[in-house]
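With PDB, C-alpha atoms inside, this is run00.pdb:
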ATOM      1  CA  GLY A 232      90.963 103.628 125.399
ATOM      2  CA  ALA A 233      92.253 107.164 125.296
ATOM      3  CA  VAL A 234      90.905 109.544 122.667
ATOM      4  CA  VAL A 235      92.949 111.852 120.493
ATOM      5  CA  SER A 236      91.189 114.281 118.191
ATOM      6  CA  GLN A 237      92.489 116.327 115.285
ATOM      7  CA  HIS A 238      91.044 119.384 113.612
ATOM      8  CA  PRO A 239      90.450 120.104 110.822
ATOM      9  CA  SER A 240      90.009 116.740 109.154
ATOM     10  CA  ARG A 241      90.379 118.327 105.722
ATOM     11  CA  VAL A 242      91.793 121.657 104.664
ATOM     12  CA  ILE A 243      92.450 123.212 101.282
ATOM     13  CA  CYS A 244      94.632 126.263 101.022
ATOM     14  CA  LYS A 245      96.390 128.381  98.443
ATOM     15  CA  SER A 246     100.098 128.134  97.875
ATOM     16  CA  GLY A 247     102.038 130.497 100.123
ATOM     17  CA  THR A 248      99.538 130.540 102.981
ATOM     18  CA  SER A 249      99.956 128.921 106.393
ATOM     19  CA  VAL A 250      97.758 126.231 107.851
ATOM     20  CA  LYS A 251      97.369 125.181 111.481
ATOM     21  CA  ILE A 252      96.338 121.678 112.541
ATOM     22  CA  GLU A 253      95.310 120.990 116.118
ATOM     23  CA  CYS A 254      95.750 117.785 118.063
ATOM     24  CA  ARG A 255      93.953 117.318 121.357
ATOM     25  CA  SER A 256      93.979 114.568 123.946
ATOM     26  CA  LEU A 257      90.366 114.516 125.118
ATOM     27  CA  ASP A 258      90.413 112.409 128.260
ATOM     28  CA  PHE A 259      94.016 112.405 129.380
ATOM     29  CA  GLN A 260      97.020 114.672 129.659
ATOM     30  CA  ALA A 261      99.814 114.127 127.182
ATOM     31  CA  THR A 262     103.253 115.525 127.914
ATOM     32  CA  THR A 263     104.437 114.110 124.615
ATOM     33  CA  MET A 264     102.700 113.984 121.270
ATOM     34  CA  PHE A 265     104.013 112.781 117.946
ATOM     35  CA  TRP A 266     103.355 114.165 114.484
ATOM     36  CA  TYR A 267     103.453 111.879 111.474
ATOM     37  CA  ARG A 268     103.118 112.495 107.790
ATOM     38  CA  GLN A 269     101.635 109.825 105.604
ATOM     39  CA  PHE A 270     102.600 109.725 101.959
ATOM     40  CA  PRO A 271     100.370 108.534  99.114
ATOM     41  CA  LYS A 272     101.865 105.070  99.124
ATOM     42  CA  GLN A 273     100.906 104.769 102.778
ATOM     43  CA  SER A 274     104.304 104.922 104.483
ATOM     44  CA  LEU A 275     104.186 106.751 107.788
ATOM     45  CA  MET A 276     107.002 109.151 108.546
ATOM     46  CA  LEU A 277     107.636 110.527 112.017
ATOM     47  CA  MET A 278     108.144 114.267 111.651
ATOM     48  CA  ALA A 279     108.683 115.393 115.211
ATOM     49  CA  THR A 280     108.093 114.765 118.876
ATOM     50  CA  SER A 281     106.129 117.513 120.551
ATOM     51  CA  ASN A 282     107.049 118.155 124.187
ATOM     52  CA  GLU A 283     104.776 120.154 126.478
ATOM     53  CA  GLY A 284     106.449 123.331 127.594
ATOM     54  CA  SER A 285     109.594 122.889 125.549
ATOM     55  CA  LYS A 286     110.820 122.777 121.986
ATOM     56  CA  ALA A 287     109.833 119.992 119.678
ATOM     57  CA  THR A 288     112.360 117.403 118.614
ATOM     58  CA  TYR A 289     112.463 117.106 114.845
ATOM     59  CA  GLU A 290     113.490 114.074 112.846
ATOM     60  CA  GLN A 291     116.332 114.333 110.419
ATOM     61  CA  GLY A 292     115.337 115.989 107.179
ATOM     62  CA  VAL A 293     112.247 117.756 108.559
ATOM     63  CA  GLU A 294     112.400 121.541 108.256
ATOM     64  CA  LYS A 295     111.805 123.158 111.623
ATOM     65  CA  ASP A 296     110.908 126.509 110.143
ATOM     66  CA  LYS A 297     108.501 124.911 107.712
ATOM     67  CA  PHE A 298     106.629 122.761 110.191
ATOM     68  CA  LEU A 299     106.158 124.702 113.395
ATOM     69  CA  ILE A 300     105.075 122.692 116.406
ATOM     70  CA  ASN A 301     103.732 124.175 119.602
ATOM     71  CA  HIS A 302     102.714 122.155 122.652
ATOM     72  CA  ALA A 303     101.400 124.850 124.934
ATOM     73  CA  SER A 304      99.285 122.685 127.216
ATOM     74  CA  LEU A 305      99.008 119.094 128.346
ATOM     75  CA  THR A 306      96.059 118.492 126.037
ATOM     76  CA  LEU A 307      96.932 120.455 122.906
ATOM     77  CA  SER A 308      99.664 120.367 120.302
ATOM     78  CA  THR A 309      99.545 122.296 117.054
ATOM     79  CA  LEU A 310     101.323 121.827 113.758
ATOM     80  CA  THR A 311     101.569 124.858 111.499
ATOM     81  CA  VAL A 312     102.626 124.359 107.916
ATOM     82  CA  THR A 313     104.116 127.704 106.944
ATOM     83  CA  SER A 314     104.159 129.059 103.414
ATOM     84  CA  ALA A 315     102.566 125.878 102.161
ATOM     85  CA  HIS A 316     103.322 124.553  98.702
ATOM     86  CA  PRO A 317     101.710 121.757  96.680
ATOM     87  CA  GLU A 318     104.424 119.311  97.744
ATOM     88  CA  ASP A 319     103.254 119.772 101.339
ATOM     89  CA  SER A 320      99.917 118.216 100.434
ATOM     90  CA  SER A 321      99.629 115.108 102.556
ATOM     91  CA  PHE A 322      97.828 113.341 105.370
ATOM     92  CA  TYR A 323      99.103 114.511 108.757
ATOM     93  CA  ILE A 324      98.452 112.376 111.815
ATOM     94  CA  CYS A 325      99.145 113.089 115.468
ATOM     95  CA  SER A 326      99.382 110.640 118.326
ATOM     96  CA  ALA A 327      99.923 110.569 122.060
ATOM     97  CA  ARG A 328     100.537 108.208 124.932
ATOM     98  CA  GLU A 329      98.633 108.023 128.166
ATOM     99  CA  PRO A 330     100.463 109.187 131.300
ATOM    100  CA  GLY A 331     102.966 106.668 132.564
ATOM    101  CA  GLY A 332     103.613 105.341 129.102
ATOM    102  CA  GLY A 333     102.381 101.849 129.872
ATOM    103  CA  THR A 334     103.503  99.414 127.215
ATOM    104  CA  GLY A 335     104.181 102.169 124.744
ATOM    105  CA  GLU A 336     100.854 102.075 122.928
ATOM    106  CA  LEU A 337     100.037 105.197 120.962
ATOM    107  CA  PHE A 338      96.573 106.620 120.420
ATOM    108  CA  PHE A 339      96.071 108.338 117.093
ATOM    109  CA  GLY A 340      93.993 111.209 115.882
ATOM    110  CA  GLU A 341      91.771 110.819 112.852
ATOM    111  CA  GLY A 342      94.256 112.586 110.626
ATOM    112  CA  SER A 343      94.140 115.839 108.698
ATOM    113  CA  ARG A 344      94.314 115.879 104.927
ATOM    114  CA  LEU A 345      96.000 118.998 103.601
ATOM    115  CA  THR A 346      95.658 119.986  99.966
ATOM    116  CA  VAL A 347      97.689 122.941  98.754
ATOM    117  CA  LEU A 348      96.568 124.401  95.452
TER     118      LEU A 348
ATOM    119  CA  GLY B 254     119.114 101.619 115.048
ATOM    120  CA  ASN B 255     115.667 100.161 115.469
ATOM    121  CA  SER B 256     113.725  99.210 112.375
ATOM    122  CA  VAL B 257     110.687  97.272 111.210
ATOM    123  CA  THR B 258     110.347  95.399 107.935
ATOM    124  CA  GLN B 259     107.020  94.088 106.749
ATOM    125  CA  MET B 260     105.934  92.398 103.589
ATOM    126  CA  GLU B 261     105.057  94.655 100.735
ATOM    127  CA  GLY B 262     101.552  94.763  99.454
ATOM    128  CA  PRO B 263      99.103  94.944  98.148
ATOM    129  CA  VAL B 264      97.758  91.642  99.340
ATOM    130  CA  THR B 265      94.500  90.508  97.743
ATOM    131  CA  LEU B 266      92.581  87.544  99.128
ATOM    132  CA  SER B 267      89.164  86.013  98.809
ATOM    133  CA  GLU B 268      86.792  86.098 101.735
ATOM    134  CA  GLU B 269      87.413  83.310 104.285
ATOM    135  CA  ALA B 270      91.008  82.842 103.144
ATOM    136  CA  PHE B 271      93.882  82.515 105.602
ATOM    137  CA  LEU B 272      95.969  85.634 106.084
ATOM    138  CA  THR B 273      99.610  86.078 107.006
ATOM    139  CA  ILE B 274     101.416  89.396 106.907
ATOM    140  CA  ASN B 275     105.074  89.011 107.770
ATOM    141  CA  CYS B 276     106.900  91.425 110.058
ATOM    142  CA  THR B 277     110.472  91.304 111.316
ATOM    143  CA  TYR B 278     112.280  93.805 113.460
ATOM    144  CA  THR B 279     115.697  94.988 114.529
ATOM    145  CA  ALA B 280     116.025  96.440 117.998
ATOM    146  CA  THR B 281     118.241  96.545 121.023
ATOM    147  CA  GLY B 282     116.880  95.156 124.236
ATOM    148  CA  TYR B 283     113.297  93.990 124.533
ATOM    149  CA  PRO B 284     110.894  96.151 122.553
ATOM    150  CA  SER B 285     107.128  96.103 122.674
ATOM    151  CA  LEU B 286     105.564  95.107 119.368
ATOM    152  CA  PHE B 287     102.320  96.302 117.820
ATOM    153  CA  TRP B 288     100.031  95.896 114.878
ATOM    154  CA  TYR B 289      98.037  98.968 113.917
ATOM    155  CA  VAL B 290      95.249  99.075 111.342
ATOM    156  CA  GLN B 291      94.131 101.986 109.199
ATOM    157  CA  TYR B 292      90.731 101.766 107.556
ATOM    158  CA  PRO B 293      90.094 103.905 104.463
ATOM    159  CA  GLY B 294      90.069 107.608 105.233
ATOM    160  CA  GLU B 295      90.776 107.146 108.926
ATOM    161  CA  GLY B 296      93.662 107.417 111.368
ATOM    162  CA  LEU B 297      95.474 104.447 112.851
ATOM    163  CA  GLN B 298      94.096 102.312 115.621
ATOM    164  CA  LEU B 299      95.768  99.629 117.673
ATOM    165  CA  LEU B 300      94.852  96.132 116.587
ATOM    166  CA  LEU B 301      96.975  94.103 119.003
ATOM    167  CA  LYS B 302     100.212  94.185 120.933
ATOM    168  CA  ALA B 303     102.772  92.020 122.737
ATOM    169  CA  THR B 304     105.242  93.244 125.296
ATOM    170  CA  LYS B 305     107.589  90.323 125.844
ATOM    171  CA  ALA B 306     108.925  87.238 124.140
ATOM    172  CA  ASP B 307     106.409  84.455 123.449
ATOM    173  CA  ASP B 308     103.465  86.725 124.222
ATOM    174  CA  LYS B 309     100.565  86.380 121.807
ATOM    175  CA  GLY B 310      98.476  89.420 121.022
ATOM    176  CA  SER B 311      94.981  88.846 119.691
ATOM    177  CA  ASN B 312      91.948  90.885 118.697
ATOM    178  CA  LYS B 313      89.060  90.567 116.231
ATOM    179  CA  GLY B 314      90.296  87.131 115.130
ATOM    180  CA  PHE B 315      93.805  88.412 114.392
ATOM    181  CA  GLU B 316      96.823  87.001 116.208
ATOM    182  CA  ALA B 317     100.543  87.675 116.360
ATOM    183  CA  THR B 318     103.209  86.020 118.491
ATOM    184  CA  TYR B 319     106.352  87.799 119.689
ATOM    185  CA  ARG B 320     109.215  85.581 118.526
ATOM    186  CA  LYS B 321     112.513  86.815 119.862
ATOM    187  CA  GLU B 322     114.545  83.988 118.323
ATOM    188  CA  THR B 323     113.442  84.985 114.838
ATOM    189  CA  THR B 324     112.799  88.672 115.663
ATOM    190  CA  SER B 325     109.362  88.363 114.117
ATOM    191  CA  PHE B 326     105.774  89.364 114.844
ATOM    192  CA  HIS B 327     103.754  87.974 111.953
ATOM    193  CA  LEU B 328     100.060  88.843 111.764
ATOM    194  CA  GLU B 329      97.627  85.994 111.075
ATOM    195  CA  LYS B 330      93.904  85.488 110.719
ATOM    196  CA  GLY B 331      92.231  82.218 109.935
ATOM    197  CA  SER B 332      89.309  83.537 107.901
ATOM    198  CA  VAL B 333      89.314  87.072 106.570
ATOM    199  CA  GLN B 334      86.264  89.184 105.843
ATOM    200  CA  VAL B 335      85.634  92.005 103.403
ATOM    201  CA  SER B 336      85.550  94.379 106.379
ATOM    202  CA  ASP B 337      89.210  93.524 107.103
ATOM    203  CA  SER B 338      90.269  95.457 104.010
ATOM    204  CA  ALA B 339      92.646  98.108 105.321
ATOM    205  CA  VAL B 340      96.305  98.999 105.665
ATOM    206  CA  TYR B 341      98.166  97.149 108.405
ATOM    207  CA  PHE B 342     101.274  98.540 110.108
ATOM    208  CA  CYS B 343     103.732  96.603 112.203
ATOM    209  CA  ALA B 344     105.514  98.730 114.808
ATOM    210  CA  LEU B 345     107.865  98.610 117.749
ATOM    211  CA  SER B 346     108.654 100.715 120.778
ATOM    212  CA  SER B 347     111.867 100.157 122.652
ATOM    213  CA  SER B 348     110.657 101.850 125.819
ATOM    214  CA  SER B 349     107.622 103.655 127.117
ATOM    215  CA  ALA B 350     109.346 106.986 126.676
ATOM    216  CA  SER B 351     110.506 106.584 123.117
ATOM    217  CA  LYS B 352     108.915 107.024 119.763
ATOM    218  CA  ILE B 353     107.262 104.179 117.901
ATOM    219  CA  ILE B 354     108.899 102.937 114.725
ATOM    220  CA  PHE B 355     106.529 101.814 111.982
ATOM    221  CA  GLY B 356     106.920  99.459 109.088
ATOM    222  CA  SER B 357     105.934 100.666 105.644
ATOM    223  CA  GLY B 358     102.440  99.228 105.849
ATOM    224  CA  THR B 359     100.699  96.459 103.924
ATOM    225  CA  ARG B 360      97.488  97.127 102.056
ATOM    226  CA  LEU B 361      95.037  94.256 102.318
ATOM    227  CA  SER B 362      92.053  93.889 100.007
ATOM    228  CA  ILE B 363      89.471  91.162 100.503
ATOM    229  CA  ARG B 364      87.244  90.092  97.621
ATOM    230  CA  PRO B 365      83.681  88.960  98.377
TER     231      PRO B 365
END
Do you think you could lay out the structure here as structure tokens?
Amino acid sequence: GAVVSQHPSRVICKSGTSVKIECRSLDFQATTMFWYRQFPKQSLMLMATSNEGSKATYEQGVEKDKFLINHASLTLSTLTVTSAHPEDSSFYICSAREPGGGTGELFFGEGSRLTVL
Amino acid sequence: GNSVTQMEGPVTLSEEAFLTINCTYTATGYPSLFWYVQYPGEGLQLLLKATKADDKGSNKGFEATYRKETTSFHLEKGSVQVSDSAVYFCALSSSSASKIIFGSGTRLSIRP
């Protein structure tokens, strides 16, 4: 199956700094990628849909200025957590579909655990 | 709107026990249905899927049948192993272009 890779897998930062997480599709081109946030009790929340060459579509309640998404190429989307605070500490996961969409299956990255001190 | 409801965990079983994790959905049209699994410290990976009514998805001894009449996609395994300990997510996609909606996840722990 298709491979999606995230980097970094773990990051620790100080409160008030910004952190960038990269999501890459390694063996296919992804016009659309999805960013999820996973809370401690495991529920998975869709944050936004990242569209190559255009603005991301954010879910209700997600701060656009807080979570900046850039999808500059067909194989890379980035999520930047700006002015991070301890409540932003979480597990962030990206995903993508293969071209053509198929049956809708998503391929997921390994996840990035952010800890804000 | 579309939604997925799955049984709350945690579920704790002994090795070789029979497993059922219930999942029901609400959707317009004919969605595709999925079960994803997340092992400790890892991202999600597809376990199985079904794209139309009465389809049965299967993988690694797990099965789930797409039941349109009951809007369900229950996950079953006849004999679980310790290595099956993970979080299981039921999900649906109403079209190839749309986002996937996930259930809240069910944590499964298997005792030796």
Selection: 8 Å around Cys325 (chain A), only C-alpha atoms, excl. self and same-chain fewer than 6 positions, as a list in words: Gln237, Cys254, Met264, Phe265, Trp266, Tyr267, Phe339, Gly340 and Gly342 of chain A
Could you list the residues chosen by the PyMOL selection byres ((chain B) within 6 of (chain A)) in this structure as a PyMOL selection string? chain B and resi 295-297+349+357
State, in Å with one decimal place, the distance from CA of Leu301 (chain B) to CA of Val235 (chain A). 18.3 Å
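Distances here use only C-alpha atoms; by that measure, the residue among A:Leu345, A:Val234, A:Leu310, A:Met278 closest to Glu253 (chain A) is A:Leu310.
CA of Ala233 (chain A) sits 29.3 Å away from CA of Gly331 (chain B).
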What residues come out when you apply the PyMOL selection byres ((chain B and resi 280) around 7) to this file, written as a ChimeraX atom specification? /B:254-256,278-279,281-282,284
Determine the axis-aligned bounding box of all atoms of region 308-312 of chain B present in the file, pad each side by 4 Å, and express its centre and edge lengths in Å to one decimal place as JSON.
{"center_x": 97.7, "center_y": 88.6, "center_z": 121.5, "size_x": 19.5, "size_y": 12.5, "size_z": 13.5}
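Going from CA of Val335 (chain B) to CA of Tyr289 (chain B) covers 17.7 Å.
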Expand the PyMOL selection byres ((chain B and resi 325) around 6) into the individual residues it matches in the shown file, reporting them as a PyMOL selection string. chain B and resi 276-277+320+323-324+326
Non-local contacts of region 313-315 of chain A (8 Å; all atoms listed in the file; under 2 positions in same chain excluded) as a PyMOL selection string: chain A and resi 245-250+296-299+311+317+319+347
Residues near Tyr341 (chain B), anyone? I mean within 7 Å using only C-alpha atoms, not counting same-chain ones fewer than 6 positions away, as an mmCIF file with C-alpha atoms, in the coordinates of the input.
data_model
loop_
_atom_site.group_PDB
_atom_site.id
_atom_site.type_symbol
_atom_site.label_atom_id
_atom_site.label_comp_id
_atom_site.auth_asym_id
_atom_site.auth_seq_id
_atom_site.Cartn_x
_atom_site.Cartn_y
_atom_site.Cartn_z
ATOM 1 C CA TRP B 288 100.031 95.896 114.878
ATOM 2 C CA TYR B 289 98.037 98.968 113.917
ATOM 3 C CA VAL B 290 95.249 99.075 111.342
ATOM 4 C CA GLN B 291 94.131 101.986 109.199
ATOM 5 C CA GLY B 358 102.440 99.228 105.849
ATOM 6 C CA THR B 359 100.699 96.459 103.924
ATOM 7 C CA ARG B 360 97.488 97.127 102.056
#
Could you complete region 248-274 of chain A so that it carries N, CA and C atoms, and give it back as a short mmCIF file (atom, residue, chain, number, x, y, z; two decimals), in the frame of the given file?
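Written out: result-v7.cif:
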data_model
loop_
_atom_site.label_atom_id
_atom_site.label_comp_id
_atom_site.auth_asym_id
_atom_site.auth_seq_id
_atom_site.Cartn_x
_atom_site.Cartn_y
_atom_site.Cartn_z
N THR A 248 100.23 130.27 101.71
CA THR A 248 99.54 130.54 102.98
C THR A 248 99.98 129.54 104.04
N SER A 249 99.61 129.81 105.28
CA SER A 249 99.96 128.92 106.39
C SER A 249 98.71 128.23 106.91
N VAL A 250 98.88 127.03 107.37
CA VAL A 250 97.76 126.23 107.85
C VAL A 250 98.11 125.65 109.22
N LYS A 251 97.15 125.73 110.14
CA LYS A 251 97.37 125.18 111.48
C LYS A 251 96.48 123.97 111.69
N ILE A 252 97.06 122.90 112.20
CA ILE A 252 96.34 121.68 112.54
C ILE A 252 96.46 121.46 114.04
N GLU A 253 95.33 121.19 114.67
CA GLU A 253 95.31 120.99 116.12
C GLU A 253 95.17 119.51 116.47
N CYS A 254 95.83 119.15 117.54
CA CYS A 254 95.75 117.78 118.06
C CYS A 254 95.45 117.87 119.55
N ARG A 255 94.36 117.25 119.96
CA ARG A 255 93.95 117.32 121.36
C ARG A 255 93.80 115.93 121.96
N SER A 256 94.27 115.77 123.18
CA SER A 256 93.98 114.57 123.95
C SER A 256 92.74 114.89 124.78
N LEU A 257 91.66 114.13 124.56
CA LEU A 257 90.37 114.52 125.12
C LEU A 257 90.14 114.04 126.55
N ASP A 258 90.71 112.94 126.93
CA ASP A 258 90.41 112.41 128.26
C ASP A 258 91.66 112.05 129.05
N PHE A 259 92.79 112.62 128.62
CA PHE A 259 94.02 112.40 129.38
C PHE A 259 94.98 113.53 129.05
N GLN A 260 96.00 113.66 129.88
CA GLN A 260 97.02 114.67 129.66
C GLN A 260 98.23 114.03 128.99
N ALA A 261 98.71 114.68 127.97
CA ALA A 261 99.81 114.13 127.18
C ALA A 261 101.00 115.08 127.21
N THR A 262 102.05 114.69 127.91
CA THR A 262 103.25 115.52 127.91
C THR A 262 104.01 115.41 126.60
N THR A 263 103.76 114.34 125.89
CA THR A 263 104.44 114.11 124.62
C THR A 263 103.42 113.72 123.56
N MET A 264 103.51 114.36 122.43
CA MET A 264 102.70 113.98 121.27
C MET A 264 103.64 113.83 120.08
N PHE A 265 103.20 113.06 119.12
CA PHE A 265 104.01 112.78 117.95
C PHE A 265 103.25 113.20 116.69
N TRP A 266 103.95 113.80 115.77
CA TRP A 266 103.36 114.16 114.48
C TRP A 266 103.96 113.32 113.38
N TYR A 267 103.05 112.72 112.59
CA TYR A 267 103.45 111.88 111.47
C TYR A 267 102.90 112.47 110.18
N ARG A 268 103.60 112.15 109.12
CA ARG A 268 103.12 112.50 107.79
C ARG A 268 102.99 111.19 107.00
N GLN A 269 101.86 111.04 106.37
CA GLN A 269 101.64 109.82 105.60
C GLN A 269 101.61 110.15 104.13
N PHE A 270 102.47 109.48 103.38
CA PHE A 270 102.60 109.72 101.96
C PHE A 270 101.61 108.87 101.18
N PRO A 271 101.39 109.23 99.92
CA PRO A 271 100.37 108.53 99.11
C PRO A 271 100.50 107.03 99.08
N LYS A 272 101.71 106.52 99.13
CA LYS A 272 101.86 105.07 99.12
C LYS A 272 101.91 104.52 100.53
N GLN A 273 101.27 105.21 101.43
CA GLN A 273 100.91 104.77 102.78
C GLN A 273 102.01 104.78 103.81
N SER A 274 103.27 104.96 103.46
CA SER A 274 104.30 104.92 104.48
C SER A 274 104.14 106.08 105.46
#
